[in-house]
Amino acid sequence: MEHSRRQFGRFAAFWFLLPCLAGLILFSIIPVFYAFWISFTDWDGLKPIDPRAGVPGFVGLDNYAAILAGEEFWRVLRNTLFFIAMYLPLILAASISAAMLLNRPYRGVAVYRVLFYIPVLTSWVAGALIFKSILSPEYGGVNDILRIFGIPGPGWLYDAKWAMPGIVLASIWKDMGFFALIFLGGLQGIDTDCYEAAKIDGAGVWQRFWHITLPLLSPITFFVIVICLIFSFQLFPQVMIMTDGGPIGATQVMVERIYRYAFSYYKMGYASAFSFILFAIIFVFTYLQLKLQKKWVHYDA
Amino acid sequence: MKGIERYWKMLAVCLLALAMALTACSRGGQSSDGSPSPSSSPSPGAAQPAESSPAQPETVTVKFTNFSASGDNEKVLQQMKEEFERQNPHIKVDIETLPFNDYFTQMQTRVASGTAPDAYELNYENFIAYAKKGVLLDLTPLFGNFDTSALNKNALEAFRADGKQYGLPASFSNVVLFYNKDLFDQAGIDYPTSSWTWADVNAAAEKIRALGKDIFGIYQPVQFWEFYKTVRQNGGGLMNDDMTAFTVDRPENVETLQHLVDRILKTNVMPTEAQMAGMGDWDLFKSGRLGMLVTGIWAFPDFASNITFNWDIEVEPGNKQKATHFFSNGLVINKDSKVAEAAFEWVKFMSASREAAMIRVEAGWELPAVTYEDVQQKYLQVTPPDNKKAVFESLDYLVTPPVVEQNAEMTDIINLHLQAAAMGAKSPADALRDAQAELEKRINL
């Protein structure tokens, strides 16, 4: 009796899960395995798949070898790392600062929280187009402000050196509200007793920030860094709309290449292999972070 | 333990059921030809009797997808469809118009999944890729008594591959030199003539540039579509004559690129990308700050209604010889179409009939690829520009772009290196040498 009831429970759960599970299997799991198989073929994305007719042709690891041996992969990886090197510290600083500001008991702080969150809800197309005009070398707002201080602004998206920083700027604006909200949650979880105790002991504002806020925020920081890195490796819409990979390929990144190979060069096999290399990179980075977190993340809040 | 096993069995059964449902769906979608959207296909098990028994002329529906009517010209296409359906009462055309930017991504997935429309539009640059991959129907067997002499020879030729006619040209367009007459008057120089060369253009451009800080002499983008043609004007070429090898780095081409880059970086008669600051070249011309613009005749409707100053056109100047652009959109038929004959009637009508051509000309929707005298006369009557016959004169110097199976990839490689030269990051010679090396490595001819 006991036994069969437990079994019934298991099946009941299964049937309730099925609607979600079906979607997940149909639209995520099957396509992932399918793409993995395609990555070992030379499929062009056009010919109907028909294994009996030899479409697509099996090429083994050729796609992977060609990607890793080519100069392009390393160049776009460098571009991505360049993006991360600027984006990650800036987004952490910006979103922690914003969270600290929004954590104060101002009157109408809820309004500010909404204002900070609006860019997150804005579509990337609109946001990127606005940034394109803000960063315009001759008529854009950013260079106008720089001009007030007598600094000649760079060509931003039209300059191979400054295009990626321009994209970083737009990404910070867009993502700051999202991460600030997560940090805000973390800040509100910190017990105010800690601060009071520190104050009594004579700790200043900075000391309290460095020795209480940051350590107690570290689980949130860890989560944000993991998510940020994944987002960064998947950098795509802002590049596509703001620079289209240019100028001179300075903002070509991995997902942009994958899209290009799959849908304009008709090399679906090659593009699939590229996606799995991207997956491997993200996996390795995330795994390393999980390993390293023991050294700096405090879970005892 | 047993519970888990049964759980997995259950899952496997569900997956199998799902897979079967899916295959059944797709088969159902294919067999019900002509029926509308596949999403609403009825219970797949109940096979319906085949609707298309070709014995008597029943009404058939041809699904047609295109991009070139998107924007302003959907009503013009509708006009063509109505005329066609009047002439062919047993054929209905089901038109779908997609924006150009999404078009080829969408088409690719549809063709691959076997849900391509019966007839669709392809531009010349993508045509070869589709033809070579064997997804298009050879139209020659359907010709019957169809007389191809009504069509422009170059345009018809463009949609042949491997000796087979896979498409008919719907429209074509070329590129001419647009100029701002008022700026020429201000600078006190004569208007361009059909005998102008690069040197004349540069001299005029410098005089116009001198009129003001924000006034530029000429805009001719440094990219593949301009470059394949300008090298021909200088006696060069991106590929050898039988298209078996790239010749991107030959001296005539380097000279050409130097000429184009000097305009930007040395004399600055053409704005840099930073000076353009995201403004389009058409907008620059329309704002009256640009003396000459090399662009396509599809600018006519826009310029005619939005420009207040005097402007005209001329055949594009060459150097050692003249060479002008050729762009064309063609109509093709899906290899697996169940209504290929009806689809061909529609394609033929849109491409070669006098009626469709007249509708096109009256609306100013590109240039029909037909040779009818009266259609051409009609075209000339619509002004501005006054010198519209330059459009037809330019046809004498048409050079077709090199088109390979990996066309988009080739174009991107060449553009990348041209841009490096245009921005001064590399010398023209280095840029073209690098382009040549990369093309040899990545493009199979």
# chains A, B, ... in the order shown; residues from 1 in each chain; ligands from 1
$ select_by_dssp --residues "stretch 370-422 of chain B" --states "alpha helix (DSSP H)" --output "PyMOL selection string"
chain B and resi 373-381+389-394+407-422
$ interface_residues --of "chain B" --to "chain A" --cutoff "6 Å" --atoms "only C-alpha atoms" --output "PyMOL selection string"
chain B and resi 105+108+111-112+274+277+408-409+416+419-420
$ atom_distance --atom1 "atom CA of A:Leu288" --atom2 "atom CA of A:Asn79"
21.1 Å
$ select_by_dssp --residues "stretch 224-429 of chain B" --states "strand (DSSP E)" --output "NGL selection string"
:B and (290-296 or 311-314 or 327-333 or 367-368)
$ atom_distance --atom1 "atom CA of B:Phe104" --atom2 "atom CA of B:Phe143"
27.5 Å
$ atom_distance --atom1 "atom CA of B:Glu157" --atom2 "atom CA of B:Leu367"
16.6 Å
$ residues_around --residues "B:Met358" --least-positions-apart "6" --cutoff "9 Å" --atoms "only C-alpha atoms" --output "ChimeraX atom specification"
/B:368,374-375,378-379
$ closest_residue --among "A:Ile84, A:Met242, A:Val111, A:Ile230" --to "A:Phe279" --atoms "only C-alpha atoms"
A:Ile230
$ residues_around --residues "B:Lys213" --least-positions-apart "5" --cutoff "12 Å" --atoms "only C-alpha atoms" --output "list in words"
Ile208, Asn268, Val269, Met270, Pro271, Gln275, Arg289 and Leu290 of chain B
$ write_last_selection --atoms "C-alpha atoms" --output "PDB file, in the first residue's frame"
ATOM      1  CA  ILE B 208      32.543  72.035 -54.822  1.00  0.00           C
ATOM      2  CA  ASN B 268      38.540  64.872 -48.389  1.00  0.00           C
ATOM      3  CA  VAL B 269      36.120  65.691 -51.205  1.00  0.00           C
ATOM      4  CA  MET B 270      34.247  62.689 -49.866  1.00  0.00           C
ATOM      5  CA  PRO B 271      33.308  62.619 -46.145  1.00  0.00           C
ATOM      6  CA  GLN B 275      32.171  63.093 -40.840  1.00  0.00           C
ATOM      7  CA  ARG B 289      25.425  69.504 -49.152  1.00  0.00           C
ATOM      8  CA  LEU B 290      26.700  67.008 -51.691  1.00  0.00           C
TER       9      LEU B 290
END
$ closest_residue --among "B:Ser351, B:Asn202, B:Gln258, B:Ser68" --to "B:Gly167" --atoms "only C-alpha atoms"
B:Ser351
$ closest_residue --among "B:Thr267, B:Val370, B:Met350, B:Phe227" --to "B:Val248" --atoms "only C-alpha atoms"
B:Phe227
$ closest_residue --among "A:Phe223, A:Tyr270, A:Phe276, A:Trp124" --to "A:Val297" --atoms "only C-alpha atoms"
A:Phe223
$ residues_around --residues "B:Tyr191" --least-positions-apart "2" --cutoff "9 Å" --atoms "only C-alpha atoms" --output "PyMOL selection string"
chain B and resi 179+181+184-185+189+193
$ decode --residues "stretch 141-169 of chain A" --atoms "N, CA and C atoms" --output "PDB file, in the first residue's frame"
ATOM      1  N   GLY A 141      25.445  63.457 -28.051  1.00  0.00           N
ATOM      2  CA  GLY A 141      25.489  64.068 -26.729  1.00  0.00           C
ATOM      3  C   GLY A 141      26.801  63.841 -25.997  1.00  0.00           C
ATOM      4  N   VAL A 142      27.350  62.646 -26.089  1.00  0.00           N
ATOM      5  CA  VAL A 142      28.567  62.337 -25.344  1.00  0.00           C
ATOM      6  C   VAL A 142      29.705  63.255 -25.771  1.00  0.00           C
ATOM      7  N   ASN A 143      29.904  63.409 -27.064  1.00  0.00           N
ATOM      8  CA  ASN A 143      30.985  64.275 -27.525  1.00  0.00           C
ATOM      9  C   ASN A 143      30.698  65.744 -27.254  1.00  0.00           C
ATOM     10  N   ASP A 144      29.426  66.113 -27.230  1.00  0.00           N
ATOM     11  CA  ASP A 144      29.079  67.496 -26.865  1.00  0.00           C
ATOM     12  C   ASP A 144      29.547  67.800 -25.446  1.00  0.00           C
ATOM     13  N   ILE A 145      29.291  66.833 -24.551  1.00  0.00           N
ATOM     14  CA  ILE A 145      29.692  67.029 -23.156  1.00  0.00           C
ATOM     15  C   ILE A 145      31.218  67.095 -23.055  1.00  0.00           C
ATOM     16  N   LEU A 146      31.893  66.173 -23.762  1.00  0.00           N
ATOM     17  CA  LEU A 146      33.359  66.181 -23.739  1.00  0.00           C
ATOM     18  C   LEU A 146      33.897  67.516 -24.248  1.00  0.00           C
ATOM     19  N   ARG A 147      33.206  68.074 -25.249  1.00  0.00           N
ATOM     20  CA  ARG A 147      33.662  69.330 -25.844  1.00  0.00           C
ATOM     21  C   ARG A 147      33.623  70.469 -24.823  1.00  0.00           C
ATOM     22  N   ILE A 148      32.640  70.423 -23.930  1.00  0.00           N
ATOM     23  CA  ILE A 148      32.545  71.456 -22.889  1.00  0.00           C
ATOM     24  C   ILE A 148      33.833  71.479 -22.062  1.00  0.00           C
ATOM     25  N   PHE A 149      34.378  70.278 -21.821  1.00  0.00           N
ATOM     26  CA  PHE A 149      35.604  70.200 -21.043  1.00  0.00           C
ATOM     27  C   PHE A 149      36.851  70.316 -21.919  1.00  0.00           C
ATOM     28  N   GLY A 150      36.648  70.661 -23.176  1.00  0.00           N
ATOM     29  CA  GLY A 150      37.778  70.849 -24.069  1.00  0.00           C
ATOM     30  C   GLY A 150      38.422  69.554 -24.525  1.00  0.00           C
ATOM     31  N   ILE A 151      37.701  68.438 -24.365  1.00  0.00           N
ATOM     32  CA  ILE A 151      38.265  67.162 -24.824  1.00  0.00           C
ATOM     33  C   ILE A 151      37.669  66.838 -26.195  1.00  0.00           C
ATOM     34  N   PRO A 152      38.503  66.658 -27.223  1.00  0.00           N
ATOM     35  CA  PRO A 152      37.951  66.255 -28.512  1.00  0.00           C
ATOM     36  C   PRO A 152      37.508  64.799 -28.434  1.00  0.00           C
ATOM     37  N   GLY A 153      36.223  64.542 -28.593  1.00  0.00           N
ATOM     38  CA  GLY A 153      35.691  63.183 -28.458  1.00  0.00           C
ATOM     39  C   GLY A 153      36.148  62.285 -29.599  1.00  0.00           C
ATOM     40  N   PRO A 154      36.237  60.983 -29.343  1.00  0.00           N
ATOM     41  CA  PRO A 154      36.648  60.051 -30.402  1.00  0.00           C
ATOM     42  C   PRO A 154      35.511  59.796 -31.394  1.00  0.00           C
ATOM     43  N   GLY A 155      35.799  59.034 -32.435  1.00  0.00           N
ATOM     44  CA  GLY A 155      34.786  58.703 -33.445  1.00  0.00           C
ATOM     45  C   GLY A 155      33.836  57.618 -32.996  1.00  0.00           C
ATOM     46  N   TRP A 156      34.009  57.119 -31.762  1.00  0.00           N
ATOM     47  CA  TRP A 156      33.175  56.057 -31.201  1.00  0.00           C
ATOM     48  C   TRP A 156      32.932  54.918 -32.190  1.00  0.00           C
ATOM     49  N   LEU A 157      31.681  54.717 -32.601  1.00  0.00           N
ATOM     50  CA  LEU A 157      31.361  53.523 -33.386  1.00  0.00           C
ATOM     51  C   LEU A 157      32.011  53.531 -34.770  1.00  0.00           C
ATOM     52  N   TYR A 158      32.574  54.680 -35.177  1.00  0.00           N
ATOM     53  CA  TYR A 158      33.211  54.733 -36.494  1.00  0.00           C
ATOM     54  C   TYR A 158      34.721  54.634 -36.386  1.00  0.00           C
ATOM     55  N   ASP A 159      35.211  54.335 -35.191  1.00  0.00           N
ATOM     56  CA  ASP A 159      36.646  54.254 -34.959  1.00  0.00           C
ATOM     57  C   ASP A 159      36.931  52.847 -34.424  1.00  0.00           C
ATOM     58  N   ALA A 160      37.840  52.135 -35.078  1.00  0.00           N
ATOM     59  CA  ALA A 160      38.074  50.742 -34.709  1.00  0.00           C
ATOM     60  C   ALA A 160      38.497  50.600 -33.246  1.00  0.00           C
ATOM     61  N   LYS A 161      39.166  51.609 -32.693  1.00  0.00           N
ATOM     62  CA  LYS A 161      39.630  51.504 -31.296  1.00  0.00           C
ATOM     63  C   LYS A 161      38.506  51.799 -30.310  1.00  0.00           C
ATOM     64  N   TRP A 162      37.575  52.655 -30.695  1.00  0.00           N
ATOM     65  CA  TRP A 162      36.582  53.137 -29.738  1.00  0.00           C
ATOM     66  C   TRP A 162      35.216  52.482 -29.881  1.00  0.00           C
ATOM     67  N   ALA A 163      35.029  51.650 -30.902  1.00  0.00           N
ATOM     68  CA  ALA A 163      33.714  51.062 -31.129  1.00  0.00           C
ATOM     69  C   ALA A 163      33.319  50.149 -29.971  1.00  0.00           C
ATOM     70  N   MET A 164      34.257  49.296 -29.506  1.00  0.00           N
ATOM     71  CA  MET A 164      33.920  48.364 -28.428  1.00  0.00           C
ATOM     72  C   MET A 164      33.621  49.112 -27.128  1.00  0.00           C
ATOM     73  N   PRO A 165      34.449  50.116 -26.740  1.00  0.00           N
ATOM     74  CA  PRO A 165      34.054  50.906 -25.563  1.00  0.00           C
ATOM     75  C   PRO A 165      32.670  51.529 -25.719  1.00  0.00           C
ATOM     76  N   GLY A 166      32.314  51.934 -26.908  1.00  0.00           N
ATOM     77  CA  GLY A 166      30.973  52.490 -27.130  1.00  0.00           C
ATOM     78  C   GLY A 166      29.900  51.457 -26.832  1.00  0.00           C
ATOM     79  N   ILE A 167      30.146  50.225 -27.273  1.00  0.00           N
ATOM     80  CA  ILE A 167      29.177  49.158 -27.023  1.00  0.00           C
ATOM     81  C   ILE A 167      29.110  48.835 -25.532  1.00  0.00           C
ATOM     82  N   VAL A 168      30.276  48.895 -24.855  1.00  0.00           N
ATOM     83  CA  VAL A 168      30.299  48.656 -23.409  1.00  0.00           C
ATOM     84  C   VAL A 168      29.429  49.692 -22.711  1.00  0.00           C
ATOM     85  N   LEU A 169      29.563  50.943 -23.126  1.00  0.00           N
ATOM     86  CA  LEU A 169      28.786  52.027 -22.535  1.00  0.00           C
ATOM     87  C   LEU A 169      27.289  51.743 -22.629  1.00  0.00           C
TER      88      LEU A 169
END
